[in-house]
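Visitor: Next comes the structure file entry-v4.txt, holding compact mmCIF, C-alpha atoms.
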```
# COMPACT_ATOMS: atom_id res chain seq x y z
CA MET A 8 -11.00 2.40 22.14
CA GLU A 9 -12.22 5.52 24.01
CA ASN A 10 -9.25 7.74 23.17
CA LYS A 11 -9.18 6.86 19.47
CA ARG A 12 -10.47 9.42 16.99
CA ARG A 13 -13.80 8.52 15.43
CA VAL A 14 -14.09 8.40 11.64
CA VAL A 15 -17.26 9.30 9.75
CA ILE A 16 -18.33 9.34 6.11
CA THR A 17 -19.53 12.67 4.72
CA GLY A 18 -19.60 11.98 0.98
CA VAL A 19 -20.13 9.07 -1.42
CA GLY A 20 -19.67 8.83 -5.18
CA THR A 21 -19.89 6.08 -7.76
CA VAL A 22 -19.87 5.16 -11.43
CA ASN A 23 -20.73 1.49 -11.98
CA PRO A 24 -22.78 -0.81 -14.24
CA THR A 25 -26.00 0.07 -12.38
CA GLY A 26 -25.66 3.86 -12.68
CA ASN A 27 -23.35 6.84 -13.14
CA THR A 28 -24.30 8.59 -9.88
CA VAL A 29 -25.09 7.33 -6.39
CA ALA A 30 -28.78 8.24 -6.77
CA GLU A 31 -29.18 6.40 -10.09
CA SER A 32 -27.15 3.39 -9.01
CA TRP A 33 -28.79 2.99 -5.59
CA ASP A 34 -32.28 3.28 -7.09
CA ASN A 35 -31.43 0.41 -9.45
CA ILE A 36 -29.82 -1.62 -6.64
CA ARG A 37 -32.95 -1.14 -4.50
CA HIS A 38 -35.11 -2.37 -7.38
CA GLY A 39 -32.88 -5.33 -8.23
CA VAL A 40 -31.91 -4.09 -11.70
CA CYS A 41 -29.14 -6.12 -13.34
CA GLY A 42 -26.30 -4.08 -14.89
CA ILE A 43 -24.90 -7.02 -16.86
CA ALA A 44 -25.28 -7.10 -20.65
CA PRO A 45 -23.44 -8.17 -23.84
CA ILE A 46 -19.95 -6.68 -24.14
CA THR A 47 -19.77 -3.64 -26.43
CA HIS A 48 -16.16 -2.50 -25.78
CA PHE A 49 -14.82 -4.98 -28.34
CA ASP A 50 -16.01 -7.64 -30.77
CA THR A 51 -16.62 -10.87 -28.84
CA THR A 52 -17.16 -13.08 -31.93
CA ASP A 53 -14.07 -15.17 -31.15
CA PHE A 54 -14.59 -15.13 -27.35
CA VAL A 55 -16.51 -17.69 -25.27
CA VAL A 56 -17.22 -14.94 -22.73
CA LYS A 57 -19.93 -12.63 -24.07
CA LEU A 58 -21.18 -10.66 -21.04
CA ALA A 59 -19.85 -8.01 -18.68
CA GLY A 60 -21.00 -5.24 -16.37
CA GLU A 61 -20.07 -2.22 -18.48
CA VAL A 62 -20.58 1.39 -17.41
CA LYS A 63 -23.23 2.75 -19.78
CA ASP A 64 -23.46 6.19 -21.43
CA PHE A 65 -20.38 7.42 -19.62
CA ASP A 66 -19.61 11.06 -20.37
CA PRO A 67 -17.07 12.66 -18.02
CA SER A 68 -17.17 16.02 -19.86
CA GLN A 69 -18.89 17.92 -17.04
CA VAL A 70 -15.84 17.31 -14.85
CA ILE A 71 -12.97 16.57 -17.27
CA ASP A 72 -12.55 18.67 -20.40
CA ARG A 73 -12.30 16.78 -23.68
CA ARG A 74 -8.64 17.56 -24.26
CA GLU A 75 -7.68 16.24 -20.83
CA GLN A 76 -9.76 13.08 -21.34
CA LYS A 77 -7.34 11.96 -24.07
CA HIS A 78 -4.55 11.80 -21.49
CA LEU A 79 -6.52 9.99 -18.78
CA SER A 80 -7.29 6.28 -18.91
CA ARG A 81 -10.80 5.02 -18.32
CA PHE A 82 -10.06 3.74 -14.79
CA THR A 83 -8.75 7.18 -13.80
CA GLN A 84 -11.75 8.95 -15.35
CA PHE A 85 -14.11 6.73 -13.34
CA ALA A 86 -12.28 7.61 -10.12
CA LEU A 87 -12.26 11.34 -10.89
CA ILE A 88 -16.02 11.34 -11.49
CA ALA A 89 -16.82 9.26 -8.39
CA ALA A 90 -14.48 11.38 -6.25
CA GLU A 91 -16.02 14.61 -7.58
CA GLU A 92 -19.50 13.44 -6.54
CA ALA A 93 -18.29 12.40 -3.08
CA ILE A 94 -16.30 15.61 -2.52
CA LEU A 95 -19.22 17.82 -3.62
CA GLN A 96 -21.57 16.01 -1.24
CA SER A 97 -19.09 16.31 1.63
CA GLY A 98 -18.72 20.06 1.11
CA ILE A 99 -14.89 20.10 1.21
CA LYS A 100 -14.73 21.43 -2.34
CA ASP A 101 -13.20 24.78 -1.40
CA THR A 102 -9.80 23.72 -0.15
CA ASN A 103 -8.85 27.30 0.83
CA GLU A 104 -10.83 26.67 4.02
CA TYR A 105 -8.90 23.54 5.01
CA ASP A 106 -5.36 22.41 5.72
CA VAL A 107 -4.69 20.47 2.50
CA SER A 108 -1.65 18.79 4.07
CA ARG A 109 -4.18 16.99 6.31
CA ILE A 110 -6.31 15.69 3.40
CA GLY A 111 -5.13 12.50 1.69
CA VAL A 112 -6.20 10.12 -1.09
CA ILE A 113 -6.10 6.32 -1.15
CA ILE A 114 -7.68 4.84 -4.27
CA SER A 115 -6.97 1.28 -5.32
CA SER A 116 -6.86 -0.30 -8.75
CA GLY A 117 -6.12 -3.97 -9.24
CA ILE A 118 -4.78 -3.71 -12.79
CA GLY A 119 -4.64 -0.05 -13.83
CA ALA A 120 -5.03 0.81 -17.50
CA LEU A 121 -5.03 -2.55 -19.27
CA ASP A 122 -6.97 -0.98 -22.17
CA THR A 123 -4.28 1.69 -22.67
CA ILE A 124 -1.52 -0.93 -22.49
CA GLU A 125 -3.24 -2.91 -25.27
CA VAL A 126 -3.63 0.12 -27.54
CA GLU A 127 -0.05 1.28 -27.06
CA HIS A 128 1.39 -2.22 -27.46
CA SER A 129 -0.36 -2.49 -30.83
CA ARG A 130 1.02 0.91 -31.80
CA GLY A 131 4.51 -0.20 -30.79
CA LEU A 132 4.24 -3.43 -32.80
CA ASN A 133 3.16 -1.51 -35.89
CA HIS A 134 5.27 1.66 -35.69
CA GLY A 135 8.13 0.91 -33.29
CA TYR A 136 8.07 1.07 -29.50
CA GLU A 137 9.65 4.50 -29.25
CA ARG A 138 6.62 5.85 -31.10
CA VAL A 139 4.15 5.01 -28.32
CA SER A 140 2.34 7.90 -26.65
CA PRO A 141 4.43 10.04 -24.27
CA PHE A 142 1.40 9.73 -21.97
CA PHE A 143 1.53 5.92 -22.08
CA ILE A 144 3.26 5.41 -18.71
CA PRO A 145 1.41 8.11 -16.70
CA MET A 146 -1.88 6.85 -18.17
CA SER A 147 -1.22 3.19 -17.37
CA ILE A 148 0.25 2.91 -13.90
CA SER A 149 -2.20 1.91 -11.17
CA ASN A 150 -1.51 4.83 -8.81
CA MET A 151 -2.64 7.45 -11.32
CA ALA A 152 -6.30 7.45 -10.27
CA ALA A 153 -5.29 8.43 -6.73
CA ALA A 154 -2.67 10.87 -8.02
CA ASN A 155 -5.07 12.64 -10.38
CA VAL A 156 -7.71 13.06 -7.67
CA ALA A 157 -5.08 14.61 -5.39
CA ILE A 158 -3.73 16.86 -8.15
CA ARG A 159 -7.19 18.03 -9.23
CA HIS A 160 -8.20 19.00 -5.69
CA GLY A 161 -4.82 20.01 -4.27
CA PHE A 162 -4.87 17.42 -1.47
CA LYS A 163 -1.33 17.08 -0.06
CA GLY A 164 -1.69 14.40 2.61
CA MET A 165 -0.74 10.77 2.06
CA CYS A 166 -1.59 9.64 -1.48
CA THR A 167 -1.28 5.96 -2.31
CA CYS A 168 -2.76 3.00 -4.15
CA PRO A 169 -3.02 -0.46 -2.58
CA VAL A 170 -2.78 -3.09 -5.33
CA THR A 171 -4.31 -6.17 -3.70
CA ALA A 172 -6.49 -7.52 -6.51
CA CYS A 173 -10.15 -7.81 -5.50
CA ALA A 174 -9.46 -6.70 -1.90
CA GLY A 175 -7.95 -3.37 -3.01
CA GLY A 176 -10.96 -1.07 -2.69
CA SER A 177 -11.62 -2.25 0.86
CA ASN A 178 -7.92 -2.07 1.76
CA ALA A 179 -7.92 1.55 0.54
CA ILE A 180 -10.89 2.49 2.73
CA GLY A 181 -9.60 0.55 5.73
CA ASP A 182 -6.11 2.03 5.46
CA ALA A 183 -7.61 5.53 5.16
CA PHE A 184 -9.79 4.86 8.23
CA HIS A 185 -6.72 3.99 10.29
CA ARG A 186 -4.80 7.02 8.94
CA ILE A 187 -7.52 9.33 10.26
CA ARG A 188 -8.09 7.40 13.49
CA ASP A 189 -4.37 7.48 14.27
CA GLY A 190 -4.17 11.23 13.66
CA TYR A 191 -2.13 11.45 10.45
CA GLU A 192 -4.91 13.06 8.38
CA ASP A 193 -8.26 14.69 9.15
CA VAL A 194 -9.91 13.88 5.80
CA MET A 195 -9.31 11.05 3.33
CA VAL A 196 -10.78 10.41 -0.11
CA ALA A 197 -10.74 6.62 -0.48
CA GLY A 198 -12.10 3.80 -2.61
CA GLY A 199 -11.34 1.77 -5.71
CA THR A 200 -11.58 1.92 -9.49
CA GLU A 201 -11.19 -0.50 -12.39
CA ALA A 202 -11.65 -0.66 -16.16
CA SER A 203 -10.46 -4.06 -17.39
CA ILE A 204 -13.22 -5.03 -19.82
CA SER A 205 -10.78 -5.34 -22.69
CA GLN A 206 -9.65 -8.17 -24.94
CA LEU A 207 -6.65 -8.94 -22.77
CA GLY A 208 -8.57 -8.58 -19.51
CA ILE A 209 -11.45 -10.82 -20.56
CA GLY A 210 -9.07 -13.20 -22.37
CA GLY A 211 -6.78 -13.54 -19.36
CA PHE A 212 -9.51 -14.32 -16.85
CA SER A 213 -11.27 -16.53 -19.40
CA SER A 214 -8.17 -18.66 -20.03
CA MET A 215 -7.94 -19.39 -16.30
CA ARG A 216 -11.63 -20.35 -16.37
CA ALA A 217 -12.62 -17.72 -13.81
CA LEU A 218 -15.36 -16.05 -15.89
CA SER A 219 -18.96 -17.09 -16.47
CA GLN A 220 -19.64 -18.27 -20.03
CA ALA A 221 -23.39 -17.75 -19.65
CA THR A 222 -25.16 -15.90 -22.45
CA ASP A 223 -28.26 -14.94 -20.41
CA PRO A 224 -27.47 -11.81 -18.34
CA ASN A 225 -29.90 -13.04 -15.68
CA ARG A 226 -28.03 -16.33 -15.22
CA ALA A 227 -24.45 -15.06 -15.39
CA SER A 228 -23.54 -13.41 -12.09
CA ILE A 229 -25.46 -15.66 -9.70
CA PRO A 230 -23.68 -15.71 -6.33
CA PHE A 231 -24.50 -18.63 -3.99
CA ASP A 232 -26.61 -20.30 -6.71
CA ALA A 233 -25.73 -23.96 -7.35
CA GLU A 234 -25.50 -23.23 -11.11
CA ARG A 235 -22.89 -20.47 -10.74
CA GLY A 236 -19.98 -20.92 -13.11
CA GLY A 237 -17.62 -17.99 -12.65
CA PHE A 238 -17.71 -14.25 -12.12
CA VAL A 239 -18.78 -11.55 -14.56
CA MET A 240 -16.29 -8.73 -15.10
CA GLY A 241 -17.54 -5.31 -14.05
CA GLU A 242 -16.02 -1.82 -14.23
CA GLY A 243 -16.39 1.49 -12.46
CA SER A 244 -15.46 3.22 -9.24
CA GLY A 245 -16.73 3.83 -5.72
CA VAL A 246 -15.27 6.57 -3.52
CA LEU A 247 -15.94 7.80 0.02
CA VAL A 248 -14.97 11.03 1.76
CA MET A 249 -14.00 10.07 5.31
CA GLU A 250 -13.39 12.51 8.13
CA GLU A 251 -12.44 12.74 11.75
CA ARG A 252 -15.82 13.16 13.49
CA GLU A 253 -15.07 16.47 15.26
CA HIS A 254 -13.67 17.92 12.03
CA ALA A 255 -16.94 17.05 10.28
CA LEU A 256 -19.15 18.36 13.09
CA ASN A 257 -17.20 21.62 13.38
CA ARG A 258 -17.90 22.48 9.76
CA GLY A 259 -21.54 21.38 9.96
CA ALA A 260 -21.17 18.46 7.56
CA LYS A 261 -23.92 15.86 7.27
CA ILE A 262 -22.69 12.52 8.61
CA LEU A 263 -23.88 9.62 6.44
CA ALA A 264 -22.36 6.74 8.42
CA GLU A 265 -19.35 5.87 10.56
CA ILE A 266 -16.48 3.45 9.97
CA VAL A 267 -15.68 1.53 13.14
CA GLY A 268 -13.61 -1.54 12.23
CA TYR A 269 -11.11 -2.84 9.69
CA GLY A 270 -9.35 -6.17 9.31
CA ALA A 271 -6.69 -7.15 6.75
CA ASN A 272 -4.72 -10.36 6.45
CA CYS A 273 -3.54 -13.03 4.00
CA ASP A 274 -4.49 -16.66 3.41
CA ALA A 275 -0.85 -17.39 2.45
CA PHE A 276 -2.29 -20.38 0.62
CA HIS A 277 -2.45 -20.05 -3.20
CA ILE A 278 -2.09 -17.44 -5.96
CA THR A 279 -5.75 -17.56 -6.99
CA SER A 280 -7.67 -19.99 -4.75
CA PRO A 281 -8.94 -19.08 -1.29
CA ASN A 282 -8.20 -21.48 1.55
CA PRO A 283 -10.92 -24.16 1.07
CA GLU A 284 -11.93 -23.89 4.73
CA GLY A 285 -12.26 -20.10 4.55
CA GLU A 286 -9.81 -19.64 7.45
CA GLY A 287 -8.25 -16.39 6.19
CA GLY A 288 -11.60 -14.74 5.51
CA ALA A 289 -12.92 -15.84 8.90
CA GLU A 290 -9.91 -14.47 10.75
CA CYS A 291 -10.15 -11.21 8.78
CA MET A 292 -13.78 -10.73 9.90
CA ARG A 293 -12.71 -11.43 13.50
CA LEU A 294 -9.96 -8.81 13.21
CA ALA A 295 -12.48 -6.21 11.97
CA ILE A 296 -14.97 -7.03 14.75
CA LYS A 297 -12.19 -6.77 17.35
CA ASP A 298 -10.99 -3.48 15.82
CA ALA A 299 -14.56 -2.14 16.08
CA GLY A 300 -14.81 -3.16 19.73
CA ILE A 301 -18.22 -4.73 19.18
CA ASP A 302 -19.69 -8.20 19.58
CA ALA A 303 -20.15 -10.39 16.51
CA SER A 304 -23.86 -10.65 17.37
CA GLU A 305 -24.25 -6.90 16.68
CA ILE A 306 -23.57 -7.23 12.92
CA SER A 307 -26.92 -6.72 11.18
CA TYR A 308 -25.93 -7.12 7.49
CA ILE A 309 -23.02 -8.63 5.55
CA ASN A 310 -22.25 -7.39 2.04
CA ALA A 311 -20.53 -10.56 0.86
CA HIS A 312 -17.61 -10.77 -1.53
CA GLY A 313 -19.98 -13.21 -3.28
CA THR A 314 -18.31 -13.43 -6.68
CA SER A 315 -20.37 -16.27 -8.22
CA THR A 316 -17.35 -18.58 -8.45
CA HIS A 317 -17.76 -22.03 -6.95
CA LEU A 318 -14.84 -21.72 -4.54
CA ASN A 319 -15.38 -18.18 -3.30
CA ASP A 320 -19.03 -18.54 -2.40
CA SER A 321 -18.68 -21.87 -0.59
CA CYS A 322 -15.49 -20.77 1.24
CA GLU A 323 -17.01 -17.43 2.23
CA THR A 324 -20.08 -19.23 3.58
CA LYS A 325 -17.80 -21.46 5.70
CA ALA A 326 -15.92 -18.37 6.92
CA ILE A 327 -19.13 -16.61 7.98
CA LYS A 328 -20.30 -19.73 9.85
CA ALA A 329 -16.91 -20.01 11.57
CA VAL A 330 -17.18 -16.43 12.86
CA PHE A 331 -20.88 -16.19 13.71
CA GLY A 332 -21.75 -19.79 14.63
CA GLU A 333 -25.48 -20.52 14.78
CA ASN A 334 -26.15 -16.77 14.50
CA ALA A 335 -24.80 -16.92 10.92
CA TYR A 336 -28.21 -18.17 9.75
CA LYS A 337 -29.92 -15.07 11.20
CA ILE A 338 -27.69 -12.45 9.54
CA PRO A 339 -28.76 -11.29 6.05
CA VAL A 340 -25.83 -11.87 3.65
CA SER A 341 -26.25 -10.53 0.11
CA SER A 342 -24.02 -10.05 -2.91
CA THR A 343 -24.57 -6.89 -4.92
CA LYS A 344 -22.20 -8.40 -7.53
CA SER A 345 -25.35 -10.14 -8.78
CA MET A 346 -26.21 -6.70 -10.20
CA THR A 347 -22.84 -5.04 -10.85
CA GLY A 348 -20.61 -7.97 -11.73
CA HIS A 349 -17.15 -8.05 -10.13
CA LEU A 350 -15.24 -4.77 -10.27
CA LEU A 351 -11.94 -6.30 -9.06
CA GLY A 352 -10.04 -3.44 -7.36
CA GLY A 353 -13.14 -1.25 -7.67
CA ALA A 354 -15.46 -3.73 -5.92
CA GLY A 355 -14.75 -2.74 -2.32
CA GLY A 356 -15.28 0.94 -3.12
CA VAL A 357 -18.64 0.45 -4.82
CA GLU A 358 -19.81 -2.00 -2.16
CA ALA A 359 -18.83 0.48 0.57
CA VAL A 360 -21.12 3.05 -1.08
CA PHE A 361 -23.94 0.46 -1.03
CA CYS A 362 -23.29 -0.31 2.67
CA VAL A 363 -23.51 3.40 3.52
CA LYS A 364 -26.82 3.70 1.62
CA ALA A 365 -28.14 0.49 3.23
CA LEU A 366 -27.47 1.89 6.71
CA GLU A 367 -28.82 5.31 5.79
CA GLU A 368 -32.11 4.00 4.41
CA GLY A 369 -32.53 0.80 6.43
CA PHE A 370 -32.62 -1.34 3.31
CA ILE A 371 -30.79 -4.58 2.49
CA PRO A 372 -30.07 -5.09 -1.23
CA ALA A 373 -30.96 -8.48 -2.71
CA THR A 374 -28.89 -11.20 -4.32
CA ILE A 375 -30.84 -11.13 -7.58
CA ASN A 376 -31.44 -13.87 -10.16
CA TYR A 377 -31.21 -16.60 -7.50
CA LYS A 378 -32.91 -19.85 -8.55
CA THR A 379 -31.12 -23.04 -7.55
CA PRO A 380 -30.17 -23.44 -3.88
CA ASP A 381 -26.71 -24.81 -3.06
CA PRO A 382 -26.50 -26.79 0.21
CA GLU A 383 -22.92 -25.46 0.62
CA CYS A 384 -24.26 -21.87 0.60
CA ASP A 385 -27.22 -22.12 2.96
CA LEU A 386 -27.21 -18.71 4.65
CA ASP A 387 -29.91 -16.03 4.34
CA ILE A 388 -28.68 -14.53 1.09
CA VAL A 389 -31.69 -12.17 0.68
CA PRO A 390 -32.76 -13.89 -2.56
CA ASN A 391 -34.30 -11.82 -5.37
CA GLU A 392 -36.09 -9.21 -3.22
CA GLY A 393 -34.40 -6.55 -1.11
CA ARG A 394 -35.90 -5.88 2.30
CA ASN A 395 -36.37 -3.09 4.81
CA ALA A 396 -34.54 -3.65 8.10
CA ASP A 397 -33.30 -1.70 11.08
CA LEU A 398 -29.54 -1.89 10.53
CA LYS A 399 -26.90 -1.00 13.10
CA TYR A 400 -23.63 -2.41 11.72
CA ALA A 401 -22.88 -3.51 8.14
CA LEU A 402 -19.83 -5.64 7.39
CA SER A 403 -18.28 -5.69 3.90
CA ASN A 404 -16.00 -8.53 2.76
CA SER A 405 -13.40 -8.33 -0.02
CA LEU A 406 -11.23 -11.35 -0.79
CA GLY A 407 -8.59 -11.16 -3.53
CA PHE A 408 -6.25 -13.27 -5.65
CA GLY A 409 -3.03 -13.83 -3.75
CA GLY A 410 -5.02 -14.55 -0.60
CA HIS A 411 -5.56 -10.88 0.26
CA ASN A 412 -8.50 -10.37 2.63
CA ALA A 413 -10.02 -7.06 3.72
CA CYS A 414 -13.06 -6.49 5.88
CA ILE A 415 -14.68 -3.18 6.89
CA ILE A 416 -17.44 -2.51 9.43
CA PHE A 417 -19.72 0.49 8.93
CA ALA A 418 -22.08 1.84 11.61
CA LYS A 419 -25.32 3.74 11.21
CA ALA A 420 -24.80 7.47 11.76
```
In structure tokens, write the structure found in this file.

Guide:
Amino acid sequence: MENKRRVVITGVGTVNPTGNTVAESWDNIRHGVCGIAPITHFDTTDFVVKLAGEVKDFDPSQVIDRREQKHLSRFTQFALIAAEEAILQSGIKDTNEYDVSRIGVIISSGIGALDTIEVEHSRGLNHGYERVSPFFIPMSISNMAAANVAIRHGFKGMCTCPVTACAGGSNAIGDAFHRIRDGYEDVMVAGGTEASISQLGIGGFSSMRALSQATDPNRASIPFDAERGGFVMGEGSGVLVMEEREHALNRGAKILAEIVGYGANCDAFHITSPNPEGEGGAECMRLAIKDAGIDASEISYINAHGTSTHLNDSCETKAIKAVFGENAYKIPVSSTKSMTGHLLGGAGGVEAVFCVKALEEGFIPATINYKTPDPECDLDIVPNEGRNADLKYALSNSLGFGGHNACIIFAKA
């Protein structure tokens, strides 16, 4: 481990259902404010699913001019705004000072621009498919959030988009971490973004019975609660600026946290269901701990995948017990999806931002709206009230459809 380059975080940015900046969002997360509300993006009269975690009062005009906005899908706009915030904080805004061939972008999206696809499909049905927008393809494809961030800032290193469903944001950050550690880039802008609160998005997940049908926002996204009945769709983006440690120190950047470990694997079990014993998730955590070169007992907080589906929460609990043994009961494990809903490919990015803030401020966010204990989910899930704690290492889990697992370990700066 000694000769490997160390990787630090120098900027964070987010747009999510709890706030349109890191400061606003983190303040609401600290205070246990729920970002879930009735869907406004479309008329839900004929839908059984009524709630989602929408981004509120989103106006990207300070960063993206109005003309350009028409040619950028919502998921890309979220990523551009989150990346802008992270890049400004990091201080790498003036790329004339840096070797742009050594700065890369990895931003995941699970689905890309489902909303744009719906609009253009309707246009094609009504007017003929060769009359769809010439921007339809470059607005819709999943890699365009990463591409637009690179284009806007002139970053010429590796630019890619892992599409691994709900594990994507964490895969992006983990892959970027290894790119820097292995010497390919000095700086990476990495995270996830998603905007799938549309008729087709909600309808698709609803027809497979994955979504909560609750009508009370405070009883909808309830991870680890015995009454949980599915996840609540969220939207938004979370982006980190990651740097080789010496590169950051040499330019006098403020180091917010460090990334020390990453695990990625596959359940190879089922297209949507996790392995019921949680084997894949457990092995993924072990891979991340091994990669970090630390002992499992040193983990001081787990930001759980915690989706509020029956299978995920019970399987993830089993996985945590398999890795940490008796110590599992002593580690605080919370799900911030209780406040944001589930951002699919954006989840790992937003939750990484929360892990950085948790380490920075020594504060563990709560799993809010918890009422009915489930004997299958009997860990310390930090119910209802966040707590101050001296944190050393935070572990973030992301587990996706297809059996994709990604696990990142962050260290206090």

Visitor: Take CA of Pro141 (chain A) and CA of Ala153 (chain A) and report the distance between them in Å, one decimal.

Guide: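 These two atoms are separated by 20.1 Å.
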
Visitor: Which one of A:Val56, A:Ala299, A:Cys362, A:Leu132 sits closest to Ser213 (chain A) if you count all atoms listed in the file?

Guide: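 The closest residue to Ser213 (chain A) is A:Val56.
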
Visitor: So, with only C-alpha atoms as the atoms that count, which of A:Ile204, A:Ala311, A:Ile262, A:Val55 lies closest to Ala420 (chain A)?

Guide: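 Ranked by minimum distance to Ala420 (chain A), first place goes to A:Ile262.
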
Visitor: Which residue is closest to His38 (chain A)? Choose from A:Ala221, A:Asp320, A:Thr25, A:Gly245 and count all atoms listed in the file.

Guide: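 With all atoms listed in the file as the atom set, the closest residue is A:Thr25.
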
Visitor: With distances taken over all atoms listed in the file, which of A:Gln206, A:Ser147, A:Asn23, A:Thr171 is nearest to Met346 (chain A)?

Guide: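 Distance minimum relative to Met346 (chain A) lands on A:Asn23.
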
Visitor: Would you mind telling me which residue in A:Lys163, A:Arg216, A:His277, A:Lys344 lies nearest to Gly410 (chain A) when using all atoms listed in the file?

Guide: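 Nearest candidate to Gly410 (chain A) out of A:Lys163, A:Arg216, A:His277, A:Lys344: A:His277.
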
Visitor: For a test of reading the model, state the distance in Å between CA of Asn272 (chain A) and CA of Ser405 (chain A), rounded to one decimal.

Guide: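 Computing the Euclidean distance for CA of Asn272 (chain A) and CA of Ser405 (chain A) yields 11.0 Å.
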
Visitor: Complete the atom set of region 250-267 of chain A to N, CA and C atoms and return it as a PDB file, in the coordinates of the input.

Guide:
```pdb
ATOM      1  N   GLU A 250     -13.871  11.382   7.321  1.00  0.00           N
ATOM      2  CA  GLU A 250     -13.390  12.510   8.130  1.00  0.00           C
ATOM      3  C   GLU A 250     -13.347  12.170   9.603  1.00  0.00           C
ATOM      4  N   GLU A 251     -12.422  12.799  10.292  1.00  0.00           N
ATOM      5  CA  GLU A 251     -12.440  12.740  11.750  1.00  0.00           C
ATOM      6  C   GLU A 251     -13.752  13.398  12.211  1.00  0.00           C
ATOM      7  N   ARG A 252     -14.444  12.763  13.139  1.00  0.00           N
ATOM      8  CA  ARG A 252     -15.820  13.160  13.490  1.00  0.00           C
ATOM      9  C   ARG A 252     -15.924  14.627  13.914  1.00  0.00           C
ATOM     10  N   GLU A 253     -15.008  15.078  14.783  1.00  0.00           N
ATOM     11  CA  GLU A 253     -15.070  16.470  15.260  1.00  0.00           C
ATOM     12  C   GLU A 253     -14.841  17.445  14.103  1.00  0.00           C
ATOM     13  N   HIS A 254     -13.946  17.094  13.203  1.00  0.00           N
ATOM     14  CA  HIS A 254     -13.670  17.920  12.030  1.00  0.00           C
ATOM     15  C   HIS A 254     -14.942  18.091  11.205  1.00  0.00           C
ATOM     16  N   ALA A 255     -15.686  17.003  11.046  1.00  0.00           N
ATOM     17  CA  ALA A 255     -16.940  17.050  10.280  1.00  0.00           C
ATOM     18  C   ALA A 255     -18.006  17.870  11.008  1.00  0.00           C
ATOM     19  N   LEU A 256     -18.138  17.648  12.306  1.00  0.00           N
ATOM     20  CA  LEU A 256     -19.150  18.360  13.090  1.00  0.00           C
ATOM     21  C   LEU A 256     -18.854  19.863  13.137  1.00  0.00           C
ATOM     22  N   ASN A 257     -17.586  20.202  13.278  1.00  0.00           N
ATOM     23  CA  ASN A 257     -17.200  21.620  13.380  1.00  0.00           C
ATOM     24  C   ASN A 257     -17.541  22.415  12.138  1.00  0.00           C
ATOM     25  N   ARG A 258     -17.566  21.746  10.988  1.00  0.00           N
ATOM     26  CA  ARG A 258     -17.900  22.480   9.760  1.00  0.00           C
ATOM     27  C   ARG A 258     -19.350  22.238   9.347  1.00  0.00           C
ATOM     28  N   GLY A 259     -20.109  21.575  10.214  1.00  0.00           N
ATOM     29  CA  GLY A 259     -21.540  21.380   9.960  1.00  0.00           C
ATOM     30  C   GLY A 259     -21.852  20.399   8.862  1.00  0.00           C
ATOM     31  N   ALA A 260     -20.939  19.444   8.622  1.00  0.00           N
ATOM     32  CA  ALA A 260     -21.170  18.460   7.560  1.00  0.00           C
ATOM     33  C   ALA A 260     -22.230  17.450   7.981  1.00  0.00           C
ATOM     34  N   LYS A 261     -22.956  16.928   6.998  1.00  0.00           N
ATOM     35  CA  LYS A 261     -23.920  15.860   7.270  1.00  0.00           C
ATOM     36  C   LYS A 261     -23.164  14.535   7.351  1.00  0.00           C
ATOM     37  N   ILE A 262     -23.355  13.813   8.442  1.00  0.00           N
ATOM     38  CA  ILE A 262     -22.690  12.520   8.610  1.00  0.00           C
ATOM     39  C   ILE A 262     -23.596  11.425   8.066  1.00  0.00           C
ATOM     40  N   LEU A 263     -23.081  10.660   7.104  1.00  0.00           N
ATOM     41  CA  LEU A 263     -23.880   9.620   6.440  1.00  0.00           C
ATOM     42  C   LEU A 263     -23.787   8.291   7.176  1.00  0.00           C
ATOM     43  N   ALA A 264     -22.602   7.991   7.701  1.00  0.00           N
ATOM     44  CA  ALA A 264     -22.360   6.740   8.420  1.00  0.00           C
ATOM     45  C   ALA A 264     -21.008   6.884   9.110  1.00  0.00           C
ATOM     46  N   GLU A 265     -20.642   5.867   9.874  1.00  0.00           N
ATOM     47  CA  GLU A 265     -19.350   5.870  10.560  1.00  0.00           C
ATOM     48  C   GLU A 265     -18.603   4.586  10.193  1.00  0.00           C
ATOM     49  N   ILE A 266     -17.286   4.671  10.139  1.00  0.00           N
ATOM     50  CA  ILE A 266     -16.480   3.450   9.970  1.00  0.00           C
ATOM     51  C   ILE A 266     -15.903   3.129  11.344  1.00  0.00           C
ATOM     52  N   VAL A 267     -16.094   1.880  11.777  1.00  0.00           N
ATOM     53  CA  VAL A 267     -15.680   1.530  13.140  1.00  0.00           C
ATOM     54  C   VAL A 267     -14.654   0.411  13.217  1.00  0.00           C
TER      55      VAL A 267
END
```
